[in-house]
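Have a look at the structure below before the remarks.
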Amino acid sequence: MKEDKISTIFNRLIKSKYEVIGPIKEEGEVVVKKIDKLPPLSLLSKVSDRSYKYFLMPSREILYEYNNQKIKSIENKISKKALFGMSIYDLKALELYDHVFSHDFYFKKRKKELFIIGYSAKLLNQHKTVFFDFDKNILSNVIFDIFIEKNKNGFNFYSGSKEGSSFLRSCNIKGEYIKYNPKHKDKNVLQIKKAVENSKNSKLWQELNKICLACGKCTVACPTCFCFDFESKIGPKKEVSRTSGNCFYDDFSRIAGGHKFLNNPGEKLYFWYYHKFVRIPFEYGLPGCIDCGRCTKVCPVGIDIQKNIKRLLKEEKSR
Amino acid sequence: MKNLYLPKIAKVIDSYEEADNARVLKLKMKDSSNFKFNAGQFAMVGVPGWGEAPFDICSSPLKSNTFEFCIRRVGTLTEKLGSLKKGDEVTVRGPLGNGFTDLGKLVPKNILFLGGGCGFVTVRPIIKEIVERKLYKDRSIQLFYGARAEENILFKREQEEWSKFVDIEIILENPPKNSKKYKKGLITDLFKKVEIPADVSIIMCGPPVMYHFCIQGLGNKCSPKSTYFLMERRMHCGVGTCQHCAIGPFYVCKDGPVFTLDMLDKAGVKL
């Protein structure tokens, strides 16, 4: 009965000509792609196996072309998309993208056409993570249009934008408005930053160097991994595209003449962790890892990011 | 909103061969706009269809209607750039990075340049600015240049002009047999042979391994706040986003390419 409200939201999205992106089961995995009907809420109870990041930054997009001796920016056709059922963790990742790409012409255009509907299958105060401060104000630390929180008897609805508020109104659903107020001094983030910053000589990196295959699956699964390459194509249309990068591949740090700055899986993992736990907090004050567990789940050799961070925190304490 | 990734088109107005399989391209913006930059800054230079890569701007920063790059042929793009002729078009995105905003205000005033290999390209705009602004008048300017062999020495002709104002010391790994002109050895050998003022700003442009040994060789002379390094990394975006050039908490493209020893020390970057 109470799910009706969610159906109302979903149907209204479809009616409003949104391309709705949400979780769907495919070959045993929960992927996110275009959906036409409301997914079973059980699919929303856990973080989806695949993240929503490629709808924020596609794995390939043409930026500009050189034609008739002129440079022309490509106006990629952008359709209105509703990202449905993003977990609170995925919303933290979206917040990061919003900061990282605040000057990015292509991201800003795409973001403008996005409508974000977050979902939590349990009360928000029942979530726990060591990676960032998850307090009662968590909803004011993320970016969304509508957030749905399941409670004992039904659902709580929140709006995080004017668009979200008017959408809920149009569905006859009452929702509390939450103003975005980013947390720039997150004690958990700062603690981990210090631990990773001081970990250069930790044995952890040597141990990981022995087992990591540098396959790069973690970076594909990670919702906050946003590294990219520019790629040029020769042909009748001389195009320049942006494609997803991967810091585990040798090309990532290779310069002309062949020298590389990241030379083994241990160095690459350290670079990866350093980006998430030191550089991102240093630049934006935000967590670079949002504890979704996707990298741990896809790692073929069982590297567990949560276990490693807990170990580095312990080592830092005994330093 | 400005699109930071769109390059502008520049025309090759002159080009000539330099030593070390390099070619100097003199460019002018197609729309005749000025290209203002600081010594030490770089730009992404590309050929449509062939990609773009970072190159140090090597002409005098006091001139902005034309500007130059010295391209050493080491890969596909540089081979292509090296084959361009007058009238050909390239794409230019920049200037990027920090550079030296005012060389006249460097403290200490005396300057020691350490240039090695093709890193020497970056020394050129700095020396040119010093010579053109006559900054040498009230300070000592020394230039130590380490190269493999005589044929690798860049800007040899220009160095004759510079040597009127700058003390130039060249040391070669493999000098010509019985050469009286060149010393034999590595750049660090010069530290024992040539006197360096006690108070000196040091600017190093060369491969990372050179930095390591120069810091060791110079000891106390490398004051954390007045020892500068020009860092090199792979780059794609040029504006501090894509992560390729990250170094500690910094980006070479945005926070560099000029770093002080102090900055790198604090970031835990070991040279």
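Each chain of the structure tokens is named A, B, ... in the order shown, its residues numbered from 1; ligands are numbered from 1 in display order.
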Contact check, chain B to chain A, at most 10 Å, counting only C-alpha atoms, closest pairs as a Markdown table:
```
| residue | atom | partner | partner_atom | distance |
| --- | --- | --- | --- | --- |
| B:Met1 | CA | A:Phe105 | CA | 6.4 |
| B:Lys2 | CA | A:Phe105 | CA | 6.8 |
| B:Asn3 | CA | A:Phe105 | CA | 5.3 |
| B:Leu4 | CA | A:Asp104 | CA | 7.3 |
| B:Tyr5 | CA | A:Leu63 | CA | 7.8 |
| B:Leu6 | CA | A:Tyr64 | CA | 7.1 |
| B:Pro7 | CA | A:Ile71 | CA | 7.5 |
| B:Lys8 | CA | A:Ile71 | CA | 7.3 |
| B:Ile9 | CA | A:Ile71 | CA | 7.6 |
| B:Gly46 | CA | A:Ser232 | CA | 9.7 |
| B:Val47 | CA | A:Ser232 | CA | 9.4 |
| B:Pro48 | CA | A:Lys238 | CA | 5.9 |
| B:Gly49 | CA | A:Ile234 | CA | 4.1 |
| B:Trp50 | CA | A:Ser232 | CA | 5.9 |
| B:Gly51 | CA | A:Ser232 | CA | 4.9 |
| B:Glu52 | CA | A:Ser232 | CA | 8.1 |
| B:Ala53 | CA | A:Ala256 | CA | 9.3 |
| B:Arg72 | CA | A:Ala256 | CA | 9.8 |
| B:Arg73 | CA | A:Ala256 | CA | 9.2 |
| B:Val74 | CA | A:Gly257 | CA | 5.8 |
| B:Gly75 | CA | A:Ala256 | CA | 6.4 |
| B:Thr76 | CA | A:Ala256 | CA | 9.4 |
| B:Leu77 | CA | A:Ala256 | CA | 9.6 |
| B:Thr78 | CA | A:Ala256 | CA | 9.0 |
| B:Glu89 | CA | A:Gln69 | CA | 8.1 |
| B:Val90 | CA | A:Gln69 | CA | 9.9 |
| B:Thr91 | CA | A:Ile71 | CA | 8.8 |
| B:Glu232 | CA | A:Ile255 | CA | 8.4 |
| B:Arg233 | CA | A:Ile255 | CA | 6.6 |
| B:Arg234 | CA | A:Ile255 | CA | 5.2 |
| B:Met235 | CA | A:Ser253 | CA | 8.5 |
| B:His236 | CA | A:Phe230 | CA | 5.8 |
| B:Cys237 | CA | A:Phe230 | CA | 7.3 |
| B:Val239 | CA | A:His103 | CA | 9.6 |
| B:Gly240 | CA | A:Val100 | CA | 9.4 |
| B:Thr241 | CA | A:Val100 | CA | 7.0 |
| B:Cys242 | CA | A:Cys227 | CA | 4.8 |
| B:Gln243 | CA | A:Cys227 | CA | 5.7 |
| B:His244 | CA | A:Ser253 | CA | 6.1 |
| B:Cys245 | CA | A:Ser253 | CA | 7.5 |
| B:Ala246 | CA | A:His275 | CA | 8.5 |
| B:Ile247 | CA | A:Phe271 | CA | 9.1 |
| B:Gly248 | CA | A:Arg279 | CA | 7.3 |
| B:Pro249 | CA | A:Arg279 | CA | 4.7 |
| B:Phe250 | CA | A:Arg279 | CA | 7.6 |
| B:Tyr251 | CA | A:Arg279 | CA | 9.9 |
| B:Ala267 | CA | A:Glu197 | CA | 8.9 |
| B:Gly268 | CA | A:Glu197 | CA | 8.3 |
```
Q. Could you name the residues that touch range 165-175 of chain A at 8 Å or less, counting only C-alpha atoms, but leaving out those on the same chain fewer than 3 positions away, as a PyMOL selection string?
A. chain A and resi 5+8-9+12+145-146+156-162
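Of the residues in range 120-184 of chain B, those that DSSP places in helix (DSSP H, G or I) on the basis of the backbone are Phe120, Val121, Thr122, Val123, Arg124, Pro125, Ile126, Ile127, Lys128, Glu129, Ile130, Val131, Glu132, Leu135, Tyr136, Lys137, Asp138, Glu150, Glu151, Asn152, Lys156, Arg157, Glu158, Gln159, Glu160, Glu161 and Trp162 of chain B.
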**Q.** Shell of 12 Å around range 102-107 of chain B, only C-alpha atoms, local chain residues under 5 positions omitted, as a ChimeraX atom specification
**A.** /B:37-40,61-62,112,125-139,141,199-203,223-228
Q: Determine which residues of range 203-312 of chain A receive a DSSP assignment of strand (DSSP E or B), computed from the backbone, and state them as a VMD selection string.
A: chain A and resid 228 to 233 238 to 244
Next, the residues of the selection above should be written as a PDB file, in the first residue's frame with N, CA, C and O atoms.
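Saved to selection.pdb:
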```
ATOM      1  N   PHE A 228      40.743  10.334 -16.155  1.00  0.00           N
ATOM      2  CA  PHE A 228      40.421  10.200 -17.572  1.00  0.00           C
ATOM      3  C   PHE A 228      41.615  10.506 -18.471  1.00  0.00           C
ATOM      4  O   PHE A 228      42.615  11.064 -18.023  1.00  0.00           O
ATOM      5  N   ASP A 229      41.477  10.072 -19.707  1.00  0.00           N
ATOM      6  CA  ASP A 229      42.495  10.311 -20.739  1.00  0.00           C
ATOM      7  C   ASP A 229      41.860  11.144 -21.837  1.00  0.00           C
ATOM      8  O   ASP A 229      40.644  11.111 -22.019  1.00  0.00           O
ATOM      9  N   PHE A 230      42.687  11.825 -22.585  1.00  0.00           N
ATOM     10  CA  PHE A 230      42.227  12.439 -23.827  1.00  0.00           C
ATOM     11  C   PHE A 230      42.748  11.571 -24.958  1.00  0.00           C
ATOM     12  O   PHE A 230      43.893  11.135 -24.926  1.00  0.00           O
ATOM     13  N   GLU A 231      41.895  11.336 -25.923  1.00  0.00           N
ATOM     14  CA  GLU A 231      42.285  10.435 -26.999  1.00  0.00           C
ATOM     15  C   GLU A 231      41.970  11.097 -28.334  1.00  0.00           C
ATOM     16  O   GLU A 231      40.878  11.633 -28.509  1.00  0.00           O
ATOM     17  N   SER A 232      42.923  11.064 -29.231  1.00  0.00           N
ATOM     18  CA  SER A 232      42.708  11.698 -30.539  1.00  0.00           C
ATOM     19  C   SER A 232      42.488  10.648 -31.600  1.00  0.00           C
ATOM     20  O   SER A 232      43.070   9.568 -31.534  1.00  0.00           O
ATOM     21  N   LYS A 233      41.659  10.988 -32.541  1.00  0.00           N
ATOM     22  CA  LYS A 233      41.375  10.042 -33.603  1.00  0.00           C
ATOM     23  C   LYS A 233      41.684  10.705 -34.935  1.00  0.00           C
ATOM     24  O   LYS A 233      41.266  11.841 -35.186  1.00  0.00           O
ATOM     25  N   LYS A 238      38.577  14.756 -37.345  1.00  0.00           N
ATOM     26  CA  LYS A 238      39.659  14.656 -36.361  1.00  0.00           C
ATOM     27  C   LYS A 238      39.089  15.001 -34.994  1.00  0.00           C
ATOM     28  O   LYS A 238      38.976  16.145 -34.626  1.00  0.00           O
ATOM     29  N   GLU A 239      38.724  13.929 -34.279  1.00  0.00           N
ATOM     30  CA  GLU A 239      38.020  14.137 -33.012  1.00  0.00           C
ATOM     31  C   GLU A 239      38.933  13.940 -31.811  1.00  0.00           C
ATOM     32  O   GLU A 239      39.861  13.129 -31.850  1.00  0.00           O
ATOM     33  N   VAL A 240      38.612  14.652 -30.757  1.00  0.00           N
ATOM     34  CA  VAL A 240      39.270  14.417 -29.481  1.00  0.00           C
ATOM     35  C   VAL A 240      38.204  13.967 -28.482  1.00  0.00           C
ATOM     36  O   VAL A 240      37.188  14.632 -28.319  1.00  0.00           O
ATOM     37  N   SER A 241      38.437  12.797 -27.888  1.00  0.00           N
ATOM     38  CA  SER A 241      37.471  12.244 -26.937  1.00  0.00           C
ATOM     39  C   SER A 241      38.082  12.200 -25.546  1.00  0.00           C
ATOM     40  O   SER A 241      39.303  12.169 -25.395  1.00  0.00           O
ATOM     41  N   ARG A 242      37.188  12.160 -24.573  1.00  0.00           N
ATOM     42  CA  ARG A 242      37.637  11.885 -23.218  1.00  0.00           C
ATOM     43  C   ARG A 242      37.206  10.462 -22.894  1.00  0.00           C
ATOM     44  O   ARG A 242      36.046  10.097 -23.110  1.00  0.00           O
ATOM     45  N   THR A 243      38.123   9.660 -22.401  1.00  0.00           N
ATOM     46  CA  THR A 243      37.785   8.276 -22.058  1.00  0.00           C
ATOM     47  C   THR A 243      38.202   8.002 -20.614  1.00  0.00           C
ATOM     48  O   THR A 243      39.099   8.669 -20.087  1.00  0.00           O
ATOM     49  N   SER A 244      37.552   7.030 -19.998  1.00  0.00           N
ATOM     50  CA  SER A 244      37.906   6.692 -18.611  1.00  0.00           C
ATOM     51  C   SER A 244      39.361   6.267 -18.544  1.00  0.00           C
ATOM     52  O   SER A 244      39.831   5.520 -19.405  1.00  0.00           O
TER      53      SER A 244
END
```
(Q) I'd like the neighbourhood of Met29 in chain B as a VMD selection string, where a residue qualifies if any of its atoms comes within 7 Å (using only C-alpha atoms), though same-chain residues fewer than 2 positions away should be ignored. (A) chain B and resid 9 to 11 27 31 to 33
(Q) Env of Gly87 in chain B: 9 Å cut, atoms = only C-alpha atoms, seq-sep filter 4 positions within chain, self excluded. Answer as a PyMOL selection string. (A) chain B and resi 11-14
Q: With a distance cut-off of 12 Å and only C-alpha atoms, select the neighbouring residues of Gly117 in chain B, excluding the residue or stretch itself and same-chain residues fewer than 6 positions from it, and output the selection as a ChimeraX atom specification.
A: /B:19-20,22,72,123,144-154,170-173,186-187,204-210
Produce a file of the selected residues containing C-alpha atoms, as a PDB file, in the first residue's frame.
```
ATOM      1  CA  ALA B  19      70.638  19.859 -31.583  1.00  0.00           C
ATOM      2  CA  ASP B  20      69.590  16.531 -30.063  1.00  0.00           C
ATOM      3  CA  ALA B  22      64.909  18.611 -31.786  1.00  0.00           C
ATOM      4  CA  ARG B  72      62.595  16.672 -29.303  1.00  0.00           C
ATOM      5  CA  VAL B 123      66.148  27.251 -18.885  1.00  0.00           C
ATOM      6  CA  PHE B 144      75.603  24.662 -15.219  1.00  0.00           C
ATOM      7  CA  TYR B 145      74.630  22.427 -18.085  1.00  0.00           C
ATOM      8  CA  GLY B 146      75.203  18.713 -18.188  1.00  0.00           C
ATOM      9  CA  ALA B 147      74.754  16.867 -21.459  1.00  0.00           C
ATOM     10  CA  ARG B 148      75.776  13.537 -22.927  1.00  0.00           C
ATOM     11  CA  ALA B 149      77.932  14.765 -25.792  1.00  0.00           C
ATOM     12  CA  GLU B 150      78.688  17.868 -27.815  1.00  0.00           C
ATOM     13  CA  GLU B 151      75.952  17.108 -30.349  1.00  0.00           C
ATOM     14  CA  ASN B 152      73.346  17.093 -27.571  1.00  0.00           C
ATOM     15  CA  ILE B 153      74.010  20.673 -26.488  1.00  0.00           C
ATOM     16  CA  LEU B 154      70.901  22.740 -27.122  1.00  0.00           C
ATOM     17  CA  ILE B 170      79.124  22.907 -19.687  1.00  0.00           C
ATOM     18  CA  ILE B 171      80.117  19.430 -18.660  1.00  0.00           C
ATOM     19  CA  LEU B 172      79.775  16.404 -20.914  1.00  0.00           C
ATOM     20  CA  GLU B 173      79.637  12.710 -20.182  1.00  0.00           C
ATOM     21  CA  LEU B 186      78.469  14.867 -14.563  1.00  0.00           C
ATOM     22  CA  ILE B 187      76.799  18.114 -13.595  1.00  0.00           C
ATOM     23  CA  MET B 204      66.878  22.864 -11.662  1.00  0.00           C
ATOM     24  CA  CYS B 205      65.512  21.639 -14.979  1.00  0.00           C
ATOM     25  CA  GLY B 206      66.338  18.085 -15.840  1.00  0.00           C
ATOM     26  CA  PRO B 207      65.581  14.433 -15.197  1.00  0.00           C
ATOM     27  CA  PRO B 208      64.501  13.381 -11.660  1.00  0.00           C
ATOM     28  CA  VAL B 209      67.720  11.433 -11.108  1.00  0.00           C
ATOM     29  CA  MET B 210      69.681  14.649 -11.645  1.00  0.00           C
TER      30      MET B 210
END
```
